[in-house]
file run-v2.txt (compact mmCIF, C-alpha atoms)
# COMPACT_ATOMS: atom_id res chain seq x y z
CA MET A 1 -63.46 157.99 155.12
CA SER A 2 -67.06 159.18 155.80
CA THR A 3 -69.20 160.73 153.08
CA THR A 4 -69.01 164.07 154.91
CA GLU A 5 -65.20 164.00 154.92
CA SER A 6 -65.10 162.95 151.26
CA VAL A 7 -67.50 165.71 150.26
CA HIS A 8 -65.46 168.32 152.10
CA ARG A 9 -62.34 167.31 150.21
CA CYS A 10 -63.94 166.81 146.79
CA VAL A 11 -65.94 170.05 146.47
CA SER A 12 -63.68 172.36 144.46
CA GLU A 13 -63.94 176.04 145.31
CA GLU A 14 -61.81 176.87 142.27
CA ARG A 15 -64.02 174.92 139.87
CA LEU A 16 -67.17 176.49 141.32
CA ARG A 17 -65.65 179.95 141.07
CA ASP A 18 -64.62 179.36 137.45
CA ASP A 19 -68.15 178.38 136.49
CA ILE A 20 -69.76 181.36 138.22
CA THR A 21 -67.28 183.91 136.87
CA THR A 22 -67.59 182.49 133.35
CA ASN A 23 -71.36 182.73 133.58
CA ALA A 24 -70.95 186.33 134.78
CA GLU A 25 -69.51 187.24 131.37
CA PHE A 26 -72.84 186.54 129.67
CA GLY A 27 -74.82 189.77 129.71
CA ALA A 28 -72.12 191.58 131.70
CA ILE A 29 -72.75 195.29 132.18
CA ARG A 30 -70.34 198.11 132.87
CA THR A 31 -70.57 199.40 136.40
CA ASP A 32 -68.46 201.37 138.83
CA GLU A 33 -69.47 199.13 141.72
CA GLY A 34 -69.32 195.35 141.79
CA HIS A 35 -70.09 192.90 139.02
CA GLY A 36 -73.34 193.23 137.10
CA ARG A 37 -75.23 191.30 134.45
CA THR A 38 -78.50 191.48 132.57
CA VAL A 39 -79.76 188.10 131.36
CA LEU A 40 -83.38 188.10 130.26
CA THR A 41 -85.06 184.94 129.01
CA GLY A 42 -84.65 184.30 125.30
CA THR A 43 -81.89 186.86 124.73
CA ASP A 44 -78.45 186.18 123.31
CA ALA A 45 -76.94 186.41 126.79
CA ASN A 46 -79.42 183.80 127.97
CA ARG A 47 -78.53 181.55 125.04
CA ARG A 48 -74.83 181.74 125.88
CA ALA A 49 -75.46 181.04 129.56
CA ARG A 50 -77.59 178.03 128.68
CA GLU A 51 -75.08 176.67 126.18
CA TYR A 52 -72.25 176.93 128.69
CA LEU A 53 -74.33 175.09 131.30
CA VAL A 54 -75.15 172.30 128.86
CA ASP A 55 -71.43 171.97 128.04
CA ARG A 56 -70.57 171.71 131.73
CA LEU A 57 -73.32 169.17 132.38
CA ASP A 58 -72.09 167.11 129.42
CA ALA A 59 -68.51 167.30 130.66
CA ALA A 60 -69.61 165.85 134.00
CA GLY A 61 -71.31 162.93 132.27
CA LEU A 62 -74.88 164.01 132.94
CA ASP A 63 -77.71 163.23 130.55
CA VAL A 64 -79.14 166.60 129.45
CA ARG A 65 -82.76 167.28 128.58
CA VAL A 66 -84.62 170.50 127.72
CA ASP A 67 -88.38 170.67 128.17
CA ALA A 68 -90.94 172.66 126.18
CA VAL A 69 -90.55 175.84 128.26
CA GLY A 70 -86.75 175.69 128.29
CA ASN A 71 -86.17 174.10 131.69
CA ILE A 72 -82.78 172.34 131.55
CA THR A 73 -82.09 169.12 133.46
CA GLY A 74 -78.84 167.18 133.80
CA ARG A 75 -79.34 163.67 135.21
CA TRP A 76 -76.69 161.54 136.90
CA VAL A 77 -77.36 157.88 137.65
CA PRO A 78 -74.68 156.57 140.06
CA ASP A 79 -73.14 153.17 139.37
CA GLY A 80 -75.35 150.50 140.84
CA ALA A 81 -78.35 152.77 141.30
CA ASP A 82 -81.72 151.81 139.85
CA PRO A 83 -82.40 154.38 137.09
CA THR A 84 -86.16 154.01 137.65
CA THR A 85 -85.90 155.14 141.28
CA ARG A 86 -87.29 158.60 142.03
CA ALA A 87 -84.48 161.13 141.73
CA VAL A 88 -83.27 163.75 144.16
CA ALA A 89 -83.09 167.11 142.36
CA CYS A 90 -81.34 170.40 142.99
CA GLY A 91 -80.73 173.66 141.13
CA SER A 92 -82.07 177.17 140.61
CA HIS A 93 -81.99 179.61 137.64
CA LEU A 94 -79.63 181.53 135.34
CA ASP A 95 -81.79 184.48 134.26
CA SER A 96 -81.38 187.79 136.08
CA VAL A 97 -83.16 191.03 136.77
CA PRO A 98 -81.94 194.00 134.69
CA GLU A 99 -78.53 195.02 136.06
CA GLY A 100 -78.52 192.22 138.60
CA GLY A 101 -75.71 190.40 140.37
CA ILE A 102 -73.67 187.34 139.45
CA PHE A 103 -74.71 184.96 142.26
CA ASP A 104 -78.52 185.13 142.36
CA GLY A 105 -79.72 181.77 141.00
CA VAL A 106 -76.33 180.96 139.50
CA LEU A 107 -74.88 179.67 142.77
CA GLY A 108 -77.76 177.20 143.02
CA VAL A 109 -77.26 175.84 139.51
CA TYR A 110 -73.48 175.51 139.64
CA GLY A 111 -73.48 174.55 143.31
CA GLY A 112 -75.75 171.68 142.30
CA LEU A 113 -73.44 170.67 139.48
CA GLU A 114 -70.40 170.89 141.76
CA ALA A 115 -72.21 168.71 144.29
CA VAL A 116 -72.65 165.98 141.68
CA ARG A 117 -69.00 166.28 140.61
CA ALA A 118 -67.92 165.97 144.25
CA LEU A 119 -70.11 162.90 144.80
CA GLN A 120 -68.66 161.36 141.65
CA ALA A 121 -65.09 162.06 142.76
CA ALA A 122 -65.77 160.70 146.24
CA ASP A 123 -67.39 157.57 144.82
CA ALA A 124 -70.19 158.29 147.28
CA ASP A 125 -72.59 155.56 148.26
CA VAL A 126 -75.86 156.93 146.87
CA ASP A 127 -78.81 154.92 145.61
CA ARG A 128 -80.90 157.46 143.74
CA PRO A 129 -80.30 159.42 140.54
CA ILE A 130 -79.52 163.10 141.11
CA GLU A 131 -80.75 165.81 138.75
CA VAL A 132 -79.37 169.34 138.36
CA VAL A 133 -82.02 171.78 137.13
CA CYS A 134 -82.03 175.27 135.65
CA PHE A 135 -85.54 176.75 135.61
CA THR A 136 -86.67 179.27 132.99
CA GLU A 137 -87.70 182.85 133.84
CA GLU A 138 -87.45 182.77 137.62
CA GLU A 139 -87.02 186.52 137.85
CA GLY A 140 -89.95 187.40 135.59
CA GLY A 141 -87.90 190.02 133.78
CA ARG A 142 -89.46 189.52 130.36
CA PHE A 143 -92.45 187.18 130.13
CA SER A 144 -94.09 186.75 133.53
CA ASN A 145 -94.38 187.74 137.16
CA GLY A 146 -91.64 185.22 137.96
CA VAL A 147 -90.99 181.55 138.83
CA LEU A 148 -92.37 180.58 135.42
CA GLY A 149 -90.42 177.38 134.70
CA SER A 150 -91.10 175.93 138.14
CA SER A 151 -94.79 176.81 137.87
CA VAL A 152 -94.95 174.61 134.76
CA ALA A 153 -92.84 171.84 136.31
CA SER A 154 -95.16 171.76 139.33
CA GLY A 155 -98.31 171.73 137.20
CA LYS A 156 -99.46 175.17 138.35
CA ARG A 157 -99.37 176.48 134.77
CA SER A 158 -99.78 174.63 131.49
CA VAL A 159 -97.08 174.47 128.84
CA GLU A 160 -99.44 176.07 126.36
CA ASP A 161 -100.23 179.04 128.59
CA ALA A 162 -96.55 179.61 129.34
CA LEU A 163 -95.46 179.49 125.71
CA ALA A 164 -98.18 181.97 124.74
CA LEU A 165 -96.90 184.64 127.16
CA GLU A 166 -95.66 187.79 125.40
CA ASP A 167 -93.05 190.38 126.28
CA GLY A 168 -93.62 194.12 125.85
CA ASP A 169 -92.86 193.88 122.13
CA GLY A 170 -95.35 191.08 121.44
CA VAL A 171 -92.71 188.32 121.20
CA THR A 172 -93.95 185.06 122.69
CA LEU A 173 -91.93 182.84 125.00
CA ASP A 174 -92.35 180.13 122.36
CA ALA A 175 -90.70 182.29 119.70
CA ALA A 176 -87.93 183.52 122.00
CA LEU A 177 -86.94 180.01 123.13
CA THR A 178 -87.08 178.75 119.54
CA ASP A 179 -84.85 181.61 118.43
CA ILE A 180 -82.10 180.69 120.90
CA GLY A 181 -82.46 176.94 120.34
CA PHE A 182 -83.94 176.04 123.74
CA ARG A 183 -87.56 175.26 122.90
CA GLY A 184 -87.50 171.60 123.90
CA THR A 185 -90.23 169.01 124.18
CA ASP A 186 -92.43 167.43 126.87
CA ARG A 187 -92.71 168.82 130.39
CA LEU A 188 -90.36 168.47 133.33
CA ASP A 189 -92.48 166.89 136.10
CA ALA A 190 -91.28 167.88 139.55
CA SER A 191 -93.81 165.60 141.23
CA ALA A 192 -91.74 162.65 139.98
CA TRP A 193 -88.82 163.67 142.20
CA ASP A 194 -88.22 162.09 145.56
CA SER A 195 -87.07 165.44 146.95
CA TRP A 196 -85.58 168.81 146.01
CA LEU A 197 -82.90 171.12 147.43
CA GLU A 198 -82.08 174.66 146.30
CA LEU A 199 -78.98 176.62 147.25
CA HIS A 200 -79.36 180.40 147.02
CA VAL A 201 -77.73 183.56 148.31
CA GLU A 202 -79.65 184.96 151.27
CA GLN A 203 -80.30 188.46 149.85
CA GLY A 204 -80.28 189.81 153.41
CA GLU A 205 -77.97 190.30 156.39
CA ARG A 206 -79.27 187.83 158.97
CA LEU A 207 -76.53 185.25 158.38
CA GLN A 208 -73.84 187.92 158.36
CA ASP A 209 -75.17 189.46 161.59
CA ALA A 210 -75.39 186.07 163.31
CA GLY A 211 -71.98 184.89 162.14
CA ALA A 212 -73.59 181.86 160.51
CA ALA A 213 -72.09 180.19 157.44
CA VAL A 214 -75.37 178.82 156.09
CA GLY A 215 -79.08 179.36 156.60
CA ILE A 216 -81.56 176.49 156.81
CA VAL A 217 -84.87 177.89 155.56
CA SER A 218 -88.00 176.87 157.47
CA ALA A 219 -90.54 178.52 155.16
CA ILE A 220 -90.84 180.81 152.15
CA THR A 221 -93.21 183.71 152.47
CA GLY A 222 -96.29 183.82 150.31
CA THR A 223 -96.88 186.78 148.04
CA ILE A 224 -100.06 188.60 147.09
CA ARG A 225 -99.73 191.37 144.52
CA CYS A 226 -102.61 193.75 144.04
CA ALA A 227 -103.27 196.14 141.17
CA VAL A 228 -105.37 199.16 142.12
CA GLU A 229 -106.67 202.02 139.99
CA ILE A 230 -108.10 205.19 141.49
CA GLU A 231 -110.04 207.41 139.11
CA GLY A 232 -110.63 211.04 140.04
CA GLU A 233 -110.95 214.09 137.80
CA ALA A 234 -108.11 215.97 136.16
CA ASP A 235 -108.52 219.75 136.53
CA HIS A 236 -106.53 222.97 136.27
CA SER A 237 -104.45 223.40 139.41
CA GLY A 238 -104.99 227.15 139.48
CA SER A 239 -108.67 227.53 138.67
CA THR A 240 -110.05 224.52 140.56
CA THR A 241 -110.76 225.29 144.21
CA MET A 242 -109.82 222.79 146.89
CA ALA A 243 -113.49 222.06 147.57
CA GLU A 244 -114.16 221.29 143.89
CA ARG A 245 -111.38 218.75 143.45
CA THR A 246 -111.57 214.99 143.08
CA ASP A 247 -107.84 214.36 143.44
CA ALA A 248 -106.82 210.79 142.66
CA LEU A 249 -103.33 211.21 144.13
CA THR A 250 -104.41 212.47 147.55
CA ALA A 251 -106.79 209.51 147.69
CA ALA A 252 -103.96 207.19 146.69
CA SER A 253 -101.78 208.69 149.40
CA GLU A 254 -104.31 207.60 152.01
CA LEU A 255 -104.19 204.07 150.60
CA VAL A 256 -100.38 203.99 150.69
CA LEU A 257 -100.39 204.96 154.36
CA GLU A 258 -103.13 202.41 155.10
CA VAL A 259 -100.98 199.62 153.66
CA GLU A 260 -98.20 200.70 156.03
CA ARG A 261 -100.56 200.95 159.02
CA ALA A 262 -102.20 197.58 158.35
CA THR A 263 -98.84 195.86 157.96
CA ASN A 264 -97.47 197.41 161.13
CA ASP A 265 -100.58 196.24 162.99
CA VAL A 266 -99.76 192.66 161.95
CA VAL A 267 -96.11 193.14 162.90
CA ALA A 268 -97.16 194.28 166.37
CA GLU A 269 -99.35 191.19 166.74
CA ASN A 270 -97.34 188.44 165.02
CA GLY A 271 -93.75 189.60 164.49
CA ASP A 272 -91.71 191.03 161.65
CA THR A 273 -92.05 188.28 159.04
CA VAL A 274 -94.84 190.25 157.36
CA VAL A 275 -94.11 193.09 154.93
CA GLY A 276 -96.36 195.32 152.86
CA THR A 277 -95.08 197.53 150.05
CA VAL A 278 -96.51 199.99 147.56
CA GLY A 279 -93.70 199.77 145.06
CA LYS A 280 -95.39 201.10 141.95
CA LEU A 281 -97.23 204.37 141.47
CA ASP A 282 -98.25 205.79 138.07
CA VAL A 283 -99.91 209.21 138.12
CA ALA A 284 -101.79 210.74 135.19
CA PRO A 285 -101.55 213.17 133.57
CA ASN A 286 -98.44 213.71 135.74
CA ALA A 287 -98.16 217.45 135.12
CA ILE A 288 -97.23 220.00 137.79
CA ASN A 289 -100.18 222.26 136.98
CA VAL A 290 -102.89 219.58 136.74
CA VAL A 291 -104.87 218.00 139.58
CA PRO A 292 -104.13 214.25 139.22
CA GLY A 293 -107.00 212.45 137.53
CA ARG A 294 -105.88 208.85 137.74
CA VAL A 295 -103.42 206.79 139.79
CA GLU A 296 -102.40 203.17 139.33
CA LEU A 297 -100.78 201.43 142.29
CA GLY A 298 -98.96 198.11 142.72
CA ILE A 299 -99.14 196.57 146.20
CA ASP A 300 -96.96 193.68 147.36
CA VAL A 301 -97.85 191.78 150.58
CA ARG A 302 -95.75 188.92 151.98
CA ASP A 303 -95.71 186.71 155.07
CA VAL A 304 -95.22 183.14 156.24
CA GLU A 305 -98.86 183.16 157.42
CA TYR A 306 -101.46 183.40 154.67
CA GLU A 307 -104.15 184.65 157.07
CA SER A 308 -102.06 187.75 157.83
CA MET A 309 -101.69 188.50 154.13
CA GLU A 310 -105.43 188.15 153.58
CA TRP A 311 -106.12 190.47 156.52
CA ILE A 312 -103.96 193.22 155.04
CA VAL A 313 -105.62 192.83 151.64
CA ALA A 314 -109.01 193.11 153.34
CA ARG A 315 -107.86 196.39 154.90
CA VAL A 316 -106.92 197.58 151.40
CA ARG A 317 -110.41 196.74 150.12
CA ASP A 318 -112.04 198.52 153.07
CA CYS A 319 -109.87 201.59 152.46
CA LEU A 320 -110.92 201.71 148.81
CA SER A 321 -114.59 201.65 149.81
CA THR A 322 -113.99 204.49 152.23
CA LEU A 323 -112.18 206.54 149.58
CA GLU A 324 -115.09 206.14 147.18
CA THR A 325 -117.51 207.39 149.84
CA ASP A 326 -115.40 210.15 151.36
CA ARG A 327 -113.50 211.44 148.33
CA GLY A 328 -115.85 210.65 145.43
CA VAL A 329 -113.26 208.67 143.46
CA GLU A 330 -113.90 205.44 141.58
CA THR A 331 -111.65 202.45 142.24
CA THR A 332 -110.84 199.07 140.76
CA PHE A 333 -109.01 196.23 142.47
CA GLU A 334 -107.34 193.07 141.12
CA ARG A 335 -104.98 190.49 142.66
CA PRO A 336 -103.23 188.91 139.65
CA TYR A 337 -100.48 187.20 141.68
CA ASP A 338 -101.31 185.02 144.66
CA ILE A 339 -98.94 182.41 146.06
CA ALA A 340 -99.44 180.90 149.50
CA PRO A 341 -96.51 180.52 151.94
CA SER A 342 -94.49 177.31 151.56
CA ALA A 343 -93.23 175.32 154.54
CA MET A 344 -90.06 173.33 153.90
CA SER A 345 -90.01 169.57 154.43
CA GLU A 346 -88.74 168.42 157.82
CA ARG A 347 -86.88 165.59 156.11
CA CYS A 348 -85.01 168.01 153.83
CA THR A 349 -84.27 170.60 156.50
CA THR A 350 -82.99 167.85 158.81
CA ALA A 351 -80.68 166.54 156.08
CA LEU A 352 -79.22 170.04 155.62
CA ARG A 353 -79.02 170.77 159.35
CA ASP A 354 -77.29 167.45 160.06
CA ALA A 355 -74.88 168.03 157.19
CA ALA A 356 -73.89 171.43 158.57
CA ALA A 357 -73.47 170.03 162.08
CA ALA A 358 -71.31 167.14 160.86
CA MET A 359 -68.97 169.64 159.18
CA ASP A 360 -68.97 172.04 162.14
CA VAL A 361 -70.52 174.68 159.90
CA PRO A 362 -72.48 177.27 161.94
CA SER A 363 -76.09 177.38 160.71
CA LEU A 364 -79.14 179.52 161.39
CA SER A 365 -82.80 178.63 160.98
CA LEU A 366 -84.67 181.43 159.20
CA HIS A 367 -87.48 182.15 156.79
CA SER A 368 -87.14 183.47 153.24
CA GLY A 369 -88.76 186.81 152.52
CA ALA A 370 -87.98 186.48 148.81
CA GLY A 371 -89.74 184.08 146.49
CA HIS A 372 -87.87 181.18 144.89
CA ASP A 373 -88.63 178.31 142.51
CA THR A 374 -88.69 176.09 145.60
CA MET A 375 -92.05 177.53 146.66
CA HIS A 376 -93.68 175.88 143.64
CA ILE A 377 -91.69 172.66 143.92
CA ALA A 378 -92.62 172.31 147.61
CA SER A 379 -96.26 171.89 146.56
CA VAL A 380 -95.54 168.61 144.73
CA THR A 381 -92.58 167.00 146.53
CA GLU A 382 -90.49 167.35 149.67
CA ALA A 383 -88.28 170.43 149.41
CA GLY A 384 -85.54 172.28 151.25
CA LEU A 385 -83.84 175.66 150.75
CA LEU A 386 -80.30 176.54 151.83
CA PHE A 387 -78.85 180.06 152.04
CA ALA A 388 -75.28 181.29 151.69
CA PRO A 389 -74.43 184.70 153.24
CA SER A 390 -74.81 187.89 151.22
CA ARG A 391 -72.19 190.50 152.06
CA GLY A 392 -74.05 193.63 153.16
CA GLY A 393 -77.33 192.00 152.17
CA PHE A 394 -77.12 193.42 148.64
CA SER A 395 -78.92 191.57 145.84
CA HIS A 396 -80.57 192.33 142.49
CA SER A 397 -77.64 194.72 142.14
CA PRO A 398 -74.04 194.67 140.91
CA ARG A 399 -73.09 195.05 144.59
CA GLU A 400 -74.34 191.52 145.25
CA TRP A 401 -71.46 189.47 146.64
CA THR A 402 -70.89 186.16 148.43
CA ASP A 403 -67.30 185.26 149.29
CA TRP A 404 -65.95 182.33 147.31
CA SER A 405 -65.16 180.43 150.50
CA SER A 406 -68.78 180.92 151.58
CA CYS A 407 -69.99 179.60 148.22
CA ALA A 408 -67.84 176.50 148.66
CA THR A 409 -68.92 175.94 152.27
CA ALA A 410 -72.60 176.14 151.37
CA THR A 411 -72.00 173.81 148.43
CA ARG A 412 -70.39 171.27 150.77
CA VAL A 413 -73.48 171.36 152.99
CA LEU A 414 -75.69 171.01 149.92
CA THR A 415 -73.64 168.04 148.72
CA ALA A 416 -73.86 166.19 152.01
CA GLY A 417 -77.57 166.92 152.19
CA LEU A 418 -78.09 165.52 148.70
CA ALA A 419 -76.09 162.42 149.64
CA THR A 420 -78.30 161.82 152.67
CA LEU A 421 -81.51 162.14 150.67
CA ALA A 422 -80.13 159.99 147.84
CA ARG A 423 -79.27 157.16 150.25
CA GLU A 424 -82.70 156.87 151.79
call {"tool": "encode", "arguments": {"input": "run-v2.txt", "output": "structure tokens"}}
result
Amino acid sequence: MSTTESVHRCVSEERLRDDITTNAEFGAIRTDEGHGRTVLTGTDANRRAREYLVDRLDAAGLDVRVDAVGNITGRWVPDGADPTTRAVACGSHLDSVPEGGIFDGVLGVYGGLEAVRALQAADADVDRPIEVVCFTEEEGGRFSNGVLGSSVASGKRSVEDALALEDGDGVTLDAALTDIGFRGTDRLDASAWDSWLELHVEQGERLQDAGAAVGIVSAITGTIRCAVEIEGEADHSGSTTMAERTDALTAASELVLEVERATNDVVAENGDTVVGTVGKLDVAPNAINVVPGRVELGIDVRDVEYESMEWIVARVRDCLSTLETDRGVETTFERPYDIAPSAMSERCTTALRDAAAAMDVPSLSLHSGAGHDTMHIASVTEAGLLFAPSRGGFSHSPREWTDWSSCATATRVLTAGLATLARE
């Protein structure tokens, strides 16, 4: 029997479903639609999710380690494999956004574990150790802008800087991880891996629309986030004439529309992989009878081409200069979050594509508009990203849903892909 046939038979949809539904109980929220959970890093729900994962890794015979920022790794060394050989790794995250869904991140962690269990059951001929990883704080719901654990594992951020991060109440990541018993030691080093694969729900409708069972990701978009402040002058709305006003909100409105125009200009030139969003707007004093005196904006720009992102940001800077001249406002600009696009490894995408073809699983090549831990890992080792369909495209919501059969199918492709990489 071939490895592909063995994998198909040994991946257990029931076992995968049990793990995901059990994890869904940690931080579960009441909702009239779907299945929701809130699991922020360092909370009791996060502790319970982590403890259950460690139990499941132990039960499968994996050697479990926890690093200084709480990244969890379960390591399997197949019989006859050299334990010093560079490992193939897979996984994702268990934290969630507030009132998120039950599959985001979780499918990648437990799909990775199920892949190892299937390879064990099939007595697969693999020559490298395989590691299943759960990264800390991927969503950025409490201590960061996101992908925190993978930023440390890839060397983009130091352990010390990560542990010193504080939540809104002044609690550090160090204290929160210590409190739940997951402040480990040392640092997980992703550059030591031979390769990496992540399974994730698509969070869109492209697979569903195409009738594809899995998506083979070619690249992950980069993200630039800008923080802008526009300072005008707060005045009485009744006694201040239109000519006398320095209205921060009307100035901000011009900037919002310029972000849309600039992004659409890039779309017209290069295609619809680029997106620009003003998703945060704070107005002060925010009273109906006061001319707005200050506005803070959050701008999010993403594309698979970094030059396009930079061009849009340059348009933002030009617009701010024009607003200062034409409207008399003062502006400040910062870009605190800047991650370049990440191309996936041809070796990893080929392993996933060949696995899908061997199983007669319809696949689609596509890019990822959402960020994932893989974008950091791809900077230090060969990496691939696999999508399972999202019903209706819903994600970061209790409406998030991927059919159990789809979870199992994607896990089978992941398993065969891991087997290919671990035999090379």
call {"tool": "closest_residue", "arguments": {"input": "run-v2.txt", "among": "A:Ser6, A:Thr41, A:Ser92, A:Thr332", "to": "Ala419 of chain A", "atoms": "only C-alpha atoms"}}
result
A:Ser6
call {"tool": "residues_around", "arguments": {"input": "run-v2.txt", "residues": "Val329 of chain A", "least_positions_apart": "3", "cutoff": "6 Å", "atoms": "all atoms listed in the file", "output": "ChimeraX atom specification"}}
result
/A:231-232,324
call {"tool": "residues_near_point", "arguments": {"input": "run-v2.txt", "point": "(-97.2, 176.8, 151.1)", "cutoff": "9 Å", "atoms": "all atoms listed in the file", "output": "mmCIF file with C-alpha atoms, keeping the file's coordinate frame"}}
result
data_model
loop_
_atom_site.group_PDB
_atom_site.id
_atom_site.type_symbol
_atom_site.label_atom_id
_atom_site.label_comp_id
_atom_site.auth_asym_id
_atom_site.auth_seq_id
_atom_site.Cartn_x
_atom_site.Cartn_y
_atom_site.Cartn_z
ATOM 1 C CA ALA A 219 -90.540 178.520 155.160
ATOM 2 C CA ILE A 220 -90.840 180.810 152.150
ATOM 3 C CA THR A 221 -93.210 183.710 152.470
ATOM 4 C CA GLY A 222 -96.290 183.820 150.310
ATOM 5 C CA VAL A 304 -95.220 183.140 156.240
ATOM 6 C CA TYR A 306 -101.460 183.400 154.670
ATOM 7 C CA ILE A 339 -98.940 182.410 146.060
ATOM 8 C CA ALA A 340 -99.440 180.900 149.500
ATOM 9 C CA PRO A 341 -96.510 180.520 151.940
ATOM 10 C CA SER A 342 -94.490 177.310 151.560
ATOM 11 C CA ALA A 343 -93.230 175.320 154.540
ATOM 12 C CA MET A 344 -90.060 173.330 153.900
ATOM 13 C CA MET A 375 -92.050 177.530 146.660
ATOM 14 C CA HIS A 376 -93.680 175.880 143.640
ATOM 15 C CA ALA A 378 -92.620 172.310 147.610
ATOM 16 C CA SER A 379 -96.260 171.890 146.560
#
call {"tool": "residues_near_point", "arguments": {"input": "run-v2.txt", "point": "(-108.2, 219.6, 141.6)", "cutoff": "10 Å", "atoms": "all atoms listed in the file", "output": "VMD selection string"}}
result
chain A and resid 232 to 248 289 to 293
call {"tool": "closest_residue", "arguments": {"input": "run-v2.txt", "among": "A:Val88, A:Val295, A:Leu40, A:Leu257", "to": "Pro129 of chain A", "atoms": "all atoms listed in the file"}}
result
A:Val88
call {"tool": "closest_residue", "arguments": {"input": "run-v2.txt", "among": "A:Asp82, A:Asp95, A:Glu205, A:Asp161", "to": "Cys134 of chain A", "atoms": "all atoms listed in the file"}}
result
A:Asp95
call {"tool": "residues_around", "arguments": {"input": "run-v2.txt", "residues": "Leu421 of chain A", "least_positions_apart": "5", "cutoff": "10 Å", "atoms": "all atoms listed in the file", "output": "ChimeraX atom specification"}}
result
/A:87-89,126-128,130,194-197,347-348,351-352,416
call {"tool": "residues_around", "arguments": {"input": "run-v2.txt", "residues": "segment 409-414 of chain A", "least_positions_apart": "3", "cutoff": "7 Å", "atoms": "only C-alpha atoms", "output": "MDAnalysis selection string"}}
result
chainID A and resid 7:8 11 111 115 214 352 355:356 388 405:406 417:418
call {"tool": "atom_distance", "arguments": {"input": "run-v2.txt", "atom1": "atom CA of Val64 of chain A", "atom2": "atom CA of Ala49 of chain A"}}
result
14.9 Å
call {"tool": "closest_residue", "arguments": {"input": "run-v2.txt", "among": "A:Pro285, A:Gly371, A:Pro336, A:Gly70", "to": "Glu139 of chain A", "atoms": "only C-alpha atoms"}}
result
A:Gly371
call {"tool": "atom_distance", "arguments": {"input": "run-v2.txt", "atom1": "atom CA of Thr322 of chain A", "atom2": "atom CA of Lys280 of chain A"}}
result
21.5 Å
call {"tool": "closest_residue", "arguments": {"input": "run-v2.txt", "among": "A:Phe387, A:Phe182, A:Trp311, A:Phe135", "to": "Gln203 of chain A", "atoms": "all atoms listed in the file"}}
result
A:Phe387
call {"tool": "closest_residue", "arguments": {"input": "run-v2.txt", "among": "A:Thr374, A:Thr402, A:Thr22, A:Thr38", "to": "Cys90 of chain A", "atoms": "all atoms listed in the file"}}
result
A:Thr374
call {"tool": "decode", "arguments": {"input": "run-v2.txt", "residues": "segment 235-247 of chain A", "atoms": "N, CA and C atoms", "output": "short mmCIF file (atom, residue, chain, number, x, y, z; two decimals), in the first residue's frame"}}
result
data_model
loop_
_atom_site.label_atom_id
_atom_site.label_comp_id
_atom_site.auth_asym_id
_atom_site.auth_seq_id
_atom_site.Cartn_x
_atom_site.Cartn_y
_atom_site.Cartn_z
N ASP A 235 -14.41 73.71 18.31
CA ASP A 235 -15.15 74.96 18.46
C ASP A 235 -16.64 74.68 18.55
N HIS A 236 -17.37 75.69 19.02
CA HIS A 236 -18.83 75.58 19.14
C HIS A 236 -19.45 75.45 17.74
N SER A 237 -20.29 74.45 17.57
CA SER A 237 -20.85 74.20 16.24
C SER A 237 -21.84 75.28 15.79
N GLY A 238 -22.37 76.04 16.75
CA GLY A 238 -23.34 77.06 16.39
C GLY A 238 -22.73 78.42 16.16
N SER A 239 -21.69 78.76 16.93
CA SER A 239 -21.14 80.11 16.86
C SER A 239 -19.87 80.22 16.03
N THR A 240 -19.40 79.10 15.48
CA THR A 240 -18.21 79.13 14.65
C THR A 240 -18.63 79.04 13.19
N THR A 241 -18.34 80.08 12.42
CA THR A 241 -18.74 80.08 11.01
C THR A 241 -17.95 79.03 10.23
N MET A 242 -18.44 78.68 9.08
CA MET A 242 -17.77 77.66 8.27
C MET A 242 -16.37 78.13 7.86
N ALA A 243 -16.23 79.42 7.62
CA ALA A 243 -14.92 79.94 7.19
C ALA A 243 -13.91 79.94 8.32
N GLU A 244 -14.39 79.96 9.57
CA GLU A 244 -13.48 80.04 10.73
C GLU A 244 -13.06 78.67 11.25
N ARG A 245 -13.55 77.62 10.68
CA ARG A 245 -13.33 76.28 11.25
C ARG A 245 -12.02 75.64 10.77
N THR A 246 -11.42 74.89 11.69
CA THR A 246 -10.33 73.97 11.34
C THR A 246 -10.80 72.59 11.80
N ASP A 247 -11.58 71.96 10.96
CA ASP A 247 -12.31 70.74 11.30
C ASP A 247 -11.44 69.51 11.02
#
